[in-house]
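Below is protein_28.cif, which holds mmCIF, C-alpha atoms.
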data_final
loop_
_atom_site.label_atom_id
_atom_site.label_comp_id
_atom_site.auth_asym_id
_atom_site.auth_seq_id
_atom_site.Cartn_x
_atom_site.Cartn_y
_atom_site.Cartn_z
CA PHE A 775 -94.33 87.37 -67.08
CA PHE A 776 -96.87 89.49 -65.28
CA LEU A 777 -97.84 92.74 -66.94
CA PRO A 778 -99.40 95.18 -64.45
CA PRO A 779 -102.68 96.93 -65.24
CA PRO A 780 -102.56 100.23 -67.16
CA HIS A 781 -102.64 102.45 -64.08
CA HIS A 782 -99.16 101.13 -63.17
CA LEU A 783 -97.65 102.35 -66.44
CA ALA A 784 -96.07 105.54 -65.79
CA CYS A 785 -90.07 105.52 -70.94
CA LEU A 786 -88.23 102.47 -69.97
CA LYS A 787 -89.09 99.88 -72.60
CA ILE A 788 -88.82 96.17 -71.87
CA THR A 789 -88.70 94.51 -75.26
CA LYS A 790 -89.22 90.91 -76.24
CA LYS A 791 -85.51 90.58 -77.08
CA GLU A 792 -84.47 91.83 -73.63
CA ALA A 793 -86.90 89.46 -71.96
CA ILE A 794 -85.59 86.47 -73.87
CA ASN A 795 -82.03 87.47 -73.00
CA SER A 796 -83.00 87.35 -69.34
CA ASN A 797 -84.03 83.69 -69.80
CA ARG A 798 -87.72 84.37 -69.49
CA LEU A 799 -90.17 82.67 -71.84
CA PHE A 800 -92.15 84.91 -74.16
CA THR A 801 -94.21 83.78 -77.13
CA ASN A 802 -96.23 85.87 -79.57
CA LEU A 803 -96.14 89.01 -77.48
CA LYS A 804 -98.44 91.78 -78.57
CA THR A 805 -97.97 93.93 -75.46
CA THR A 806 -95.13 96.18 -74.35
CA ILE A 807 -94.70 98.13 -71.15
CA GLU A 808 -93.29 101.59 -70.65
CA ILE A 809 -92.15 102.83 -67.27
CA SER A 810 -91.09 106.38 -66.58
CA LYS A 811 -87.64 106.39 -65.04
CA THR A 812 -88.21 109.98 -63.94
CA ALA A 813 -91.46 109.07 -62.20
CA LEU A 814 -89.85 106.11 -60.45
CA ILE A 815 -87.01 108.27 -59.12
CA ASN A 816 -89.52 110.91 -58.05
CA ASN A 817 -91.41 108.24 -56.09
CA ILE A 818 -88.21 107.44 -54.21
CA HIS A 819 -87.63 111.09 -53.34
CA THR A 820 -91.26 111.52 -52.27
CA LEU A 821 -91.15 108.54 -49.93
CA ARG A 822 -87.77 109.55 -48.54
CA ALA A 823 -89.14 113.01 -47.73
CA ARG A 824 -91.83 111.36 -45.61
CA VAL A 825 -89.40 109.17 -43.66
CA PRO A 826 -86.06 110.99 -43.94
CA SER A 827 -84.42 109.12 -41.07
CA LYS A 828 -85.30 105.65 -42.39
CA ASP A 829 -83.83 103.42 -45.03
CA ILE A 830 -86.20 102.37 -47.80
CA MET A 831 -86.58 98.73 -48.74
CA ALA A 832 -87.77 98.26 -52.32
CA VAL A 833 -89.82 95.11 -52.85
CA VAL A 834 -88.95 93.71 -56.27
CA LYS A 835 -90.47 90.24 -56.06
CA ALA A 836 -92.28 88.68 -59.05
CA ASN A 837 -89.78 90.22 -61.47
CA ALA A 838 -90.25 93.62 -59.83
CA TYR A 839 -94.02 93.22 -60.11
CA GLY A 840 -93.68 92.70 -63.83
CA HIS A 841 -91.54 95.77 -64.39
CA GLY A 842 -88.29 93.81 -64.75
CA ILE A 843 -85.71 93.20 -62.03
CA ALA A 844 -82.81 93.76 -64.44
CA GLN A 845 -84.23 97.13 -65.44
CA ILE A 846 -85.56 98.41 -62.11
CA VAL A 847 -82.95 97.39 -59.53
CA PRO A 848 -80.04 99.40 -61.03
CA ILE A 849 -82.20 102.54 -61.14
CA LEU A 850 -83.20 102.14 -57.50
CA ALA A 851 -79.66 101.33 -56.38
CA ASP A 852 -78.26 104.35 -58.22
CA ASN A 853 -80.76 106.51 -56.34
CA GLY A 854 -79.87 105.47 -52.84
CA ILE A 855 -81.94 102.34 -52.22
CA LYS A 856 -79.85 100.15 -49.92
CA TRP A 857 -82.30 97.32 -49.31
CA PHE A 858 -84.20 95.05 -51.69
CA ALA A 859 -86.80 92.42 -50.83
CA VAL A 860 -87.72 89.40 -52.95
CA ASP A 861 -89.85 86.32 -52.59
CA ASN A 862 -87.29 83.54 -53.03
CA ILE A 863 -83.63 82.63 -53.33
CA ASP A 864 -83.64 82.61 -57.14
CA GLU A 865 -84.85 86.20 -57.22
CA ALA A 866 -82.30 87.11 -54.55
CA LEU A 867 -79.47 85.74 -56.67
CA GLU A 868 -80.71 87.75 -59.64
CA VAL A 869 -80.70 90.93 -57.56
CA ARG A 870 -77.28 90.04 -56.12
CA SER A 871 -75.89 89.92 -59.67
CA LEU A 872 -76.94 93.56 -60.05
CA THR A 873 -76.02 95.16 -56.73
CA ASP A 874 -74.10 94.77 -53.48
CA ALA A 875 -77.04 96.15 -51.50
CA HIS A 876 -78.79 94.29 -48.68
CA ILE A 877 -81.25 91.65 -49.87
CA LEU A 878 -84.05 90.10 -47.81
CA VAL A 879 -86.00 87.02 -48.89
CA LEU A 880 -89.59 87.40 -47.69
CA GLY A 881 -90.91 83.95 -48.59
CA TYR A 882 -90.23 80.38 -47.55
CA VAL A 883 -86.84 78.93 -48.47
CA PRO A 884 -86.46 75.13 -48.82
CA PHE A 885 -83.83 73.53 -46.61
CA LYS A 886 -81.72 72.59 -49.65
CA GLN A 887 -81.30 76.28 -50.50
CA LEU A 888 -80.63 77.69 -47.05
CA ASP A 889 -76.84 77.49 -47.39
CA ILE A 890 -76.96 79.85 -50.37
CA ALA A 891 -77.96 82.74 -48.12
CA ALA A 892 -74.72 82.94 -46.16
CA LYS A 893 -72.62 82.37 -49.30
CA TYR A 894 -74.12 85.37 -51.11
CA ASP A 895 -74.87 87.58 -48.09
CA ILE A 896 -78.64 87.24 -48.40
CA SER A 897 -80.90 87.73 -45.38
CA LEU A 898 -83.77 85.34 -44.71
CA THR A 899 -87.19 85.75 -43.15
CA VAL A 900 -87.77 83.05 -40.53
CA TYR A 901 -90.95 82.15 -38.70
CA ASN A 902 -90.63 78.52 -37.65
CA ASN A 903 -88.17 76.70 -35.43
CA GLN A 904 -87.46 73.96 -37.98
CA THR A 905 -85.81 76.45 -40.34
CA VAL A 906 -83.87 78.10 -37.53
CA ASP A 907 -82.67 74.72 -36.23
CA HIS A 908 -81.41 73.84 -39.70
CA LEU A 909 -79.61 77.17 -40.08
CA ALA A 910 -77.91 76.62 -36.73
CA LYS A 911 -76.25 73.48 -38.15
CA LEU A 912 -74.95 75.12 -41.31
CA PRO A 913 -71.44 76.59 -41.65
CA GLY A 914 -71.00 80.32 -42.03
CA LYS A 915 -73.26 83.01 -40.62
CA THR A 916 -76.76 83.58 -41.91
CA LYS A 917 -78.61 86.85 -41.29
CA VAL A 918 -82.27 86.46 -40.37
CA HIS A 919 -85.35 88.56 -39.75
CA ILE A 920 -88.06 87.09 -37.55
CA LYS A 921 -91.56 87.63 -38.91
CA VAL A 922 -94.16 88.05 -36.19
CA GLU A 923 -97.81 87.18 -36.78
CA THR A 924 -99.93 90.11 -35.57
CA GLY A 925 -103.17 89.79 -37.52
CA MET A 926 -102.48 89.19 -41.19
CA ASN A 927 -102.78 85.44 -40.54
CA ARG A 928 -100.66 84.46 -43.51
CA GLN A 929 -97.06 84.06 -42.38
CA GLY A 930 -95.36 84.57 -39.07
CA THR A 931 -94.73 83.26 -35.59
CA LYS A 932 -95.94 84.19 -32.13
CA ASN A 933 -96.14 83.17 -28.50
CA GLU A 934 -94.20 80.06 -27.47
CA GLU A 935 -92.72 79.34 -30.90
CA LEU A 936 -91.40 82.91 -31.07
CA LYS A 937 -89.63 82.35 -27.77
CA LYS A 938 -88.11 79.08 -29.03
CA ILE A 939 -86.89 80.75 -32.20
CA THR A 940 -85.24 83.63 -30.37
CA GLU A 941 -83.55 81.29 -27.92
CA THR A 942 -82.16 79.15 -30.75
CA ILE A 943 -80.83 82.25 -32.50
CA LYS A 944 -79.20 83.57 -29.35
CA LYS A 945 -77.40 80.29 -28.74
CA SER A 946 -76.19 79.78 -32.31
CA PRO A 947 -72.92 81.30 -33.58
CA HIS A 948 -74.15 80.66 -37.12
CA ILE A 949 -77.23 82.91 -37.06
CA ILE A 950 -77.25 86.71 -36.92
CA LEU A 951 -80.50 88.37 -35.89
CA GLU A 952 -80.78 91.38 -38.15
CA GLY A 953 -84.33 92.47 -37.52
CA THR A 954 -87.99 91.66 -36.98
CA SER A 955 -91.04 92.33 -39.12
CA THR A 956 -94.78 92.05 -39.42
CA HIS A 957 -97.41 92.64 -42.10
CA PHE A 958 -100.32 95.04 -41.72
CA ALA A 959 -103.67 93.51 -42.64
CA ASP A 960 -105.40 96.81 -43.44
CA PRO A 961 -103.27 99.95 -43.02
CA GLU A 962 -106.27 102.20 -43.66
CA ASP A 963 -107.98 100.83 -40.55
CA PHE A 964 -106.05 102.64 -37.83
CA GLU A 965 -107.69 100.74 -34.98
CA VAL A 966 -106.73 97.35 -36.41
CA THR A 967 -103.26 98.56 -37.33
CA HIS A 968 -102.47 99.94 -33.90
CA LYS A 969 -103.64 96.69 -32.34
CA GLN A 970 -101.14 94.93 -34.58
CA ILE A 971 -98.41 97.30 -33.46
CA GLU A 972 -99.19 96.49 -29.83
CA ILE A 973 -99.01 92.77 -30.57
CA PHE A 974 -95.73 93.37 -32.37
CA LYS A 975 -94.27 94.70 -29.14
CA ILE A 976 -94.21 91.13 -27.84
CA CYS A 977 -90.79 91.03 -29.48
CA SER A 978 -89.42 93.24 -26.74
CA LYS A 979 -90.50 90.65 -24.18
CA CYS A 980 -88.27 88.18 -25.97
CA LYS A 981 -85.36 90.57 -25.41
CA LEU A 982 -84.64 91.10 -29.07
CA GLU A 983 -81.78 93.56 -29.19
CA LYS A 984 -81.90 94.53 -32.85
CA PRO A 985 -83.93 97.51 -34.12
CA TYR A 986 -87.32 96.66 -35.49
CA ILE A 987 -87.89 96.49 -39.21
CA GLU A 988 -91.51 97.33 -39.75
CA PHE A 989 -92.94 95.95 -42.96
CA MET A 990 -95.89 97.78 -44.40
CA LYS A 991 -98.32 97.34 -47.22
CA SER A 992 -97.94 100.03 -49.85
CA LYS A 993 -101.08 101.74 -48.54
CA SER A 994 -99.25 102.38 -45.26
CA SER A 995 -97.09 105.07 -46.81
CA LYS A 996 -100.21 106.82 -48.09
CA THR A 997 -101.95 106.82 -44.72
CA GLY A 998 -98.91 108.23 -42.92
CA LEU A 999 -98.25 105.34 -40.55
CA ARG A 1000 -94.87 105.54 -38.88
CA GLY A 1001 -93.25 103.52 -36.17
CA THR A 1002 -89.92 102.78 -34.58
CA CYS A 1003 -88.81 100.95 -37.68
CA ARG A 1004 -85.31 101.14 -39.09
CA GLN A 1005 -86.64 100.52 -42.55
CA CYS A 1006 -89.96 100.89 -44.29
CA GLU A 1007 -91.10 98.56 -47.02
CA LYS A 1008 -92.41 100.10 -50.19
CA SER A 1009 -93.29 98.13 -53.26
CA ILE A 1010 -92.52 99.80 -56.55
CA SER A 1011 -96.02 99.23 -57.82
#
Would you mind writing the structure in this file as C-alpha cells?
Amino acid sequence: FFLPPPHHLACLKITKKEAINSNRLFTNLKTTIEISKTALINNIHTLRARVPSKDIMAVVKANAYGHGIAQIVPILADNGIKWFAVDNIDEALEVRSLTDAHILVLGYVPFKQLDIAAKYDISLTVYNNQTVDHLAKLPGKTKVHIKVETGMNRQGTKNEELKKITETIKKSPHIILEGTSTHFADPEDFEVTHKQIEIFKICSKCKLEKPYIEFMKSKSSKTGLRGTCRQCEKSIS
C-alpha cells in the first residue's frame, strides 16, 4: 500500500480495518492518511472550469495513488466523473464494482485476461498487433484505444505497426475503436510538446474516425495545454 508524501494530504480516513476489509495486507501500521473530500471535489470543479467542453478521466491506478479506490471512486463518480483509468484488469474490476462509468486500462493486459474486458465493458489500451489479433478472435465486442508513441518512448505504436493495427481493427467485427492517446514527455516544454502533438496527427493519416483522446501528465493541466481531445486525463494526485 503506497502512502503518498505529505504534500498530497489534503478528512477522509482510511483505517487499518477498512484496508484489511478490502483484502489488502497491512501489518503493524503506524501511519494513517487523511484526504479532504471538499478539496478533492474542488479540484474537479477547478479542472472542469478550465476544460468545460471536455469529459474528465480520473486516473485511479495503484489504488488511486495510495488514496484508496474504494474511497475515492464513489466521490468522483458522484461529482460527474464519467471516465476512470487504471493500470490493469484487476483494478478495472474493482472500479467496475463501484460504478457503471467508463473504464480504460492503460497498461498491458495478458492474453488470458483479454476476454474479461468485453464481459465487463472495460476499454483497453492497445499498441501492438499481437494483442489486436488476439482480440479479433474473441467473442463479443471489445472497446480499444490505440496509444501512439510520440516521444515518451515508454509505450505506444507508430509508423507501419500503427497502420497494421488500424487495418485489423477496421476489419474485425469484434473490436470497437473508441479513441487514441499519447503521453507527453514534458508538458512544461512547449516546443517538445507541440512536436509530439504534430507526430500524434499521424493518426489522421490512418483514417481514424473516432475523436482523439489526448492523455496528459498532470502538469499539462497546470501549463494550460489544450487540444482537440474529447477527454483530458488528470490524476488525482
| request: List the neighbours of segment 901-903 of chain A out to 10 Å using only C-alpha atoms; skip same-chain residues closer than 6 positions along the sequence, and give me the result as a PyMOL selection string. | output: chain A and resi 882+909+918-923+929-932+935-943
| field | Interatomic distance, atom CA of Ile890 of chain A to atom CA of Ala875 of chain A (Å, one decimal) | value |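 Calculated distance between atom CA of Ile890 of chain A and atom CA of Ala875 of chain A is 16.3 Å.
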If the PyMOL selection byres ((chain A and resi 917) around 6) is run on the structure shown, which residues does it catch, given as a PDB file with C-alpha atoms, in the coordinates of the input?
ATOM      1  CA  SER A 897     -80.900  87.730 -45.380  1.00  0.00           C
ATOM      2  CA  THR A 916     -76.760  83.580 -41.910  1.00  0.00           C
ATOM      3  CA  VAL A 918     -82.270  86.460 -40.370  1.00  0.00           C
ATOM      4  CA  ILE A 949     -77.230  82.910 -37.060  1.00  0.00           C
ATOM      5  CA  ILE A 950     -77.250  86.710 -36.920  1.00  0.00           C
ATOM      6  CA  LEU A 951     -80.500  88.370 -35.890  1.00  0.00           C
ATOM      7  CA  GLU A 952     -80.780  91.380 -38.150  1.00  0.00           C
TER       8      GLU A 952
END
| Do you have the atom CA of His841 of chain A-atom CA of Val900 of chain A distance handy? |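 Atom CA of Val900 of chain A lies 27.3 Å from atom CA of His841 of chain A.
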| request: Name the residues that the PyMOL selection byres ((chain A and resi 863) around 9) pulls out of this structure, and write them as number ranges by chain. | output: A: 860-862, 864-868, 879, 881, 883, 887-888, 890-891, 896
Keeping only C-alpha atoms, write the selected residues as a PDB file, in the frame of the given file.
ATOM      1  CA  VAL A 860     -87.720  89.400 -52.950  1.00  0.00           C
ATOM      2  CA  ASP A 861     -89.850  86.320 -52.590  1.00  0.00           C
ATOM      3  CA  ASN A 862     -87.290  83.540 -53.030  1.00  0.00           C
ATOM      4  CA  ASP A 864     -83.640  82.610 -57.140  1.00  0.00           C
ATOM      5  CA  GLU A 865     -84.850  86.200 -57.220  1.00  0.00           C
ATOM      6  CA  ALA A 866     -82.300  87.110 -54.550  1.00  0.00           C
ATOM      7  CA  LEU A 867     -79.470  85.740 -56.670  1.00  0.00           C
ATOM      8  CA  GLU A 868     -80.710  87.750 -59.640  1.00  0.00           C
ATOM      9  CA  VAL A 879     -86.000  87.020 -48.890  1.00  0.00           C
ATOM     10  CA  GLY A 881     -90.910  83.950 -48.590  1.00  0.00           C
ATOM     11  CA  VAL A 883     -86.840  78.930 -48.470  1.00  0.00           C
ATOM     12  CA  GLN A 887     -81.300  76.280 -50.500  1.00  0.00           C
ATOM     13  CA  LEU A 888     -80.630  77.690 -47.050  1.00  0.00           C
ATOM     14  CA  ILE A 890     -76.960  79.850 -50.370  1.00  0.00           C
ATOM     15  CA  ALA A 891     -77.960  82.740 -48.120  1.00  0.00           C
ATOM     16  CA  ILE A 896     -78.640  87.240 -48.400  1.00  0.00           C
TER      17      ILE A 896
END
| query | Expressed in Å to a single decimal, how great is the separation between atom CA of Leu872 of chain A and atom CA of Gln845 of chain A? | reply |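 Separating atom CA of Leu872 of chain A from atom CA of Gln845 of chain A is a distance of 9.7 Å.
With the shown file loaded, the PyMOL selection byres ((chain A and resi 847) around 8) picks out Val834, Ile843, Ala844, Gln845, Ile846, Pro848, Ile849, Leu850, Ala851, Val869, Leu872 and Thr873 of chain A.
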Could you write those residues out with C-alpha atoms, as a short mmCIF file (atom, residue, chain, number, x, y, z; two decimals), in the coordinates of the input?
data_model
loop_
_atom_site.label_atom_id
_atom_site.label_comp_id
_atom_site.auth_asym_id
_atom_site.auth_seq_id
_atom_site.Cartn_x
_atom_site.Cartn_y
_atom_site.Cartn_z
CA VAL A 834 -88.95 93.71 -56.27
CA ILE A 843 -85.71 93.20 -62.03
CA ALA A 844 -82.81 93.76 -64.44
CA GLN A 845 -84.23 97.13 -65.44
CA ILE A 846 -85.56 98.41 -62.11
CA PRO A 848 -80.04 99.40 -61.03
CA ILE A 849 -82.20 102.54 -61.14
CA LEU A 850 -83.20 102.14 -57.50
CA ALA A 851 -79.66 101.33 -56.38
CA VAL A 869 -80.70 90.93 -57.56
CA LEU A 872 -76.94 93.56 -60.05
CA THR A 873 -76.02 95.16 -56.73
#
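Considering the residues A:Ser810, A:Thr924, A:Gly840, A:Arg870 and counting only C-alpha atoms, Thr967 of chain A has its shortest atom-to-atom contact with A:Thr924.
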Using C-alpha atoms, give me segment 865-884 of chain A from the structure I just pasted, as a PDB file, in the first residue's frame.
ATOM      1  CA  GLU A 865      -8.018  -2.659 -10.820  1.00  0.00           C
ATOM      2  CA  ALA A 866     -10.633  -2.256 -13.547  1.00  0.00           C
ATOM      3  CA  LEU A 867     -12.814  -4.926 -11.969  1.00  0.00           C
ATOM      4  CA  GLU A 868     -12.514  -3.199  -8.604  1.00  0.00           C
ATOM      5  CA  VAL A 869     -13.647   0.090 -10.137  1.00  0.00           C
ATOM      6  CA  ARG A 870     -16.440  -1.688 -12.030  1.00  0.00           C
ATOM      7  CA  SER A 871     -17.793  -2.971  -8.705  1.00  0.00           C
ATOM      8  CA  LEU A 872     -18.202   0.659  -7.642  1.00  0.00           C
ATOM      9  CA  THR A 873     -19.543   2.413 -10.731  1.00  0.00           C
ATOM     10  CA  ASP A 874     -21.070   1.963 -14.178  1.00  0.00           C
ATOM     11  CA  ALA A 875     -18.799   4.665 -15.602  1.00  0.00           C
ATOM     12  CA  HIS A 876     -16.388   4.130 -18.499  1.00  0.00           C
ATOM     13  CA  ILE A 877     -13.158   2.390 -17.514  1.00  0.00           C
ATOM     14  CA  LEU A 878      -9.917   2.372 -19.501  1.00  0.00           C
ATOM     15  CA  VAL A 879      -6.985   0.067 -18.747  1.00  0.00           C
ATOM     16  CA  LEU A 880      -3.764   1.941 -19.501  1.00  0.00           C
ATOM     17  CA  GLY A 881      -1.283  -0.905 -19.045  1.00  0.00           C
ATOM     18  CA  TYR A 882      -0.536  -4.208 -20.709  1.00  0.00           C
ATOM     19  CA  VAL A 883      -3.165  -6.939 -20.386  1.00  0.00           C
ATOM     20  CA  PRO A 884      -2.104 -10.606 -20.691  1.00  0.00           C
TER      21      PRO A 884
END
